[in-house]
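Remarks on the structure that follows.
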Amino acid sequence: MNIEQARFNMIEQQIRPWDVLDPEVLELLHVVKRENFVPVAHKALAFADIEIPLPGGEAMLAPKIEARLLQDLGLKKHESVLEIGTGAGYLTALLAHKARHVTSVEISPELKALADKNLADNGVTNATVELGNGAQGWTGGAPFDVIVVGGSLPVLPEALLQQLKIGGRLAVIIGQAPAMKAQLITRTGEAGYDTRTLFETNVKPLELAVAPSKFQF
């Protein structure tokens with residue numbers, strides 16, 4: 001496989017058609033080598049338009065979803081980021097290249113070890129992977145400028161919103177299969193939030209995500 005040709009094809013055929021046109025984001029997809037984060041057994045699928053399997057039944061998001069979230073968050077160099085669900089660490093690395101620091105929370109010890117190794121091997125020094133359950137956010141380091149949730153949530157926990165700084169942004173995929181919406185939520189004040197729907201999708205739920213209430217009053 002010609003890796004650079006495959007990367008070029010991924011960007012031109014999958015990512016640009018998804019309205020990812022920010023030159024900095026497109027350049028970053030060349031800089032951060034996606035194939036270095038994909039498990040060896042699935043290397044041939046590194047640039048495919050699919051969720052790539054990870055240990056423990058988890059998966060990497062499709063490339064176009066990662067790129068679109070990265071673009072729409074509009075990260076700045078001084079900002080702190082909370083990522084829920086590290087996986088193999090690829091999105092963590094993309095975020096770290098655009099932000100001051102990334103705190104990423106991973107519930108699986110096996111994936112934490114994989115992400116730690118991948119980040120170190122690829123020279124990412126401004127990201128810290130914490131072992132724990134981030135389904136209700138993470139108080140260490142809060143409040144954050146940016147929060148990214150790497151799996152879908154059936155409902156949005158209030159705790160996540162409270163961990164955003166005023167002016168901060170939260171990228172999250174909300175809903176249940178087969179209909180989910182990626183949303184960008186900006187905190188506009190102590191109790192004010194602006195919500196924008198980015199696209200519709202269907203991705204694997206975050207482990208231990210809070211289930212919606214069965215009762216409606």
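Every chain in the structure tokens has a letter given in the order shown (A, B, ...), and although residue numbers restart at 1 in each chain, ligands are simply numbered from 1 in the order shown.
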For segment 166-176 of chain A, work out the shell of residues within 6 Å, counting only C-alpha atoms and skipping chain neighbours fewer than 2 positions away, then give it as a VMD selection string. chain A and resid 145 to 149 152 to 154 164 179 to 189
Open item on the list: Could you pull out the strand (DSSP E or B) residues of chain A, going by DSSP on the backbone, and write them as JSON, numbers by chain?
Closed with: {"A": [52, 53, 59, 60, 80, 81, 82, 83, 84, 101, 102, 103, 104, 105, 106, 127, 128, 129, 130, 131, 135, 137, 144, 145, 146, 147, 148, 149, 150, 151, 152, 153, 164, 165, 166, 167, 168, 169, 170, 171, 172, 173, 174, 175, 176, 179, 180, 181, 182, 183, 184, 185, 186, 187, 193, 194, 195, 196, 197, 198, 199, 200, 201, 205]}
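Pairwise distance (atom CA of Leu161 of chain A, atom CA of Lys76 of chain A) equals 19.7 Å.
The space separating atom CA of Gly56 of chain A from atom CA of Gly123 of chain A comes to 25.6 Å.
Closest approach to Ile65 of chain A among A:Leu91, A:Leu119, A:Leu114, A:Leu45: A:Leu91, based on only C-alpha atoms.
Considering only C-alpha atoms, the residue among A:Gln71, A:Thr92, A:Gln14, A:Ser80 positioned nearest to Ala120 of chain A is A:Thr92.
Taking only C-alpha atoms, the non-local environment of Pro143 of chain A within 8 Å (same-chain residues fewer than 4 positions away omitted) comprises Thr139, Gln162, Gln163, Leu164 and Lys165 of chain A.
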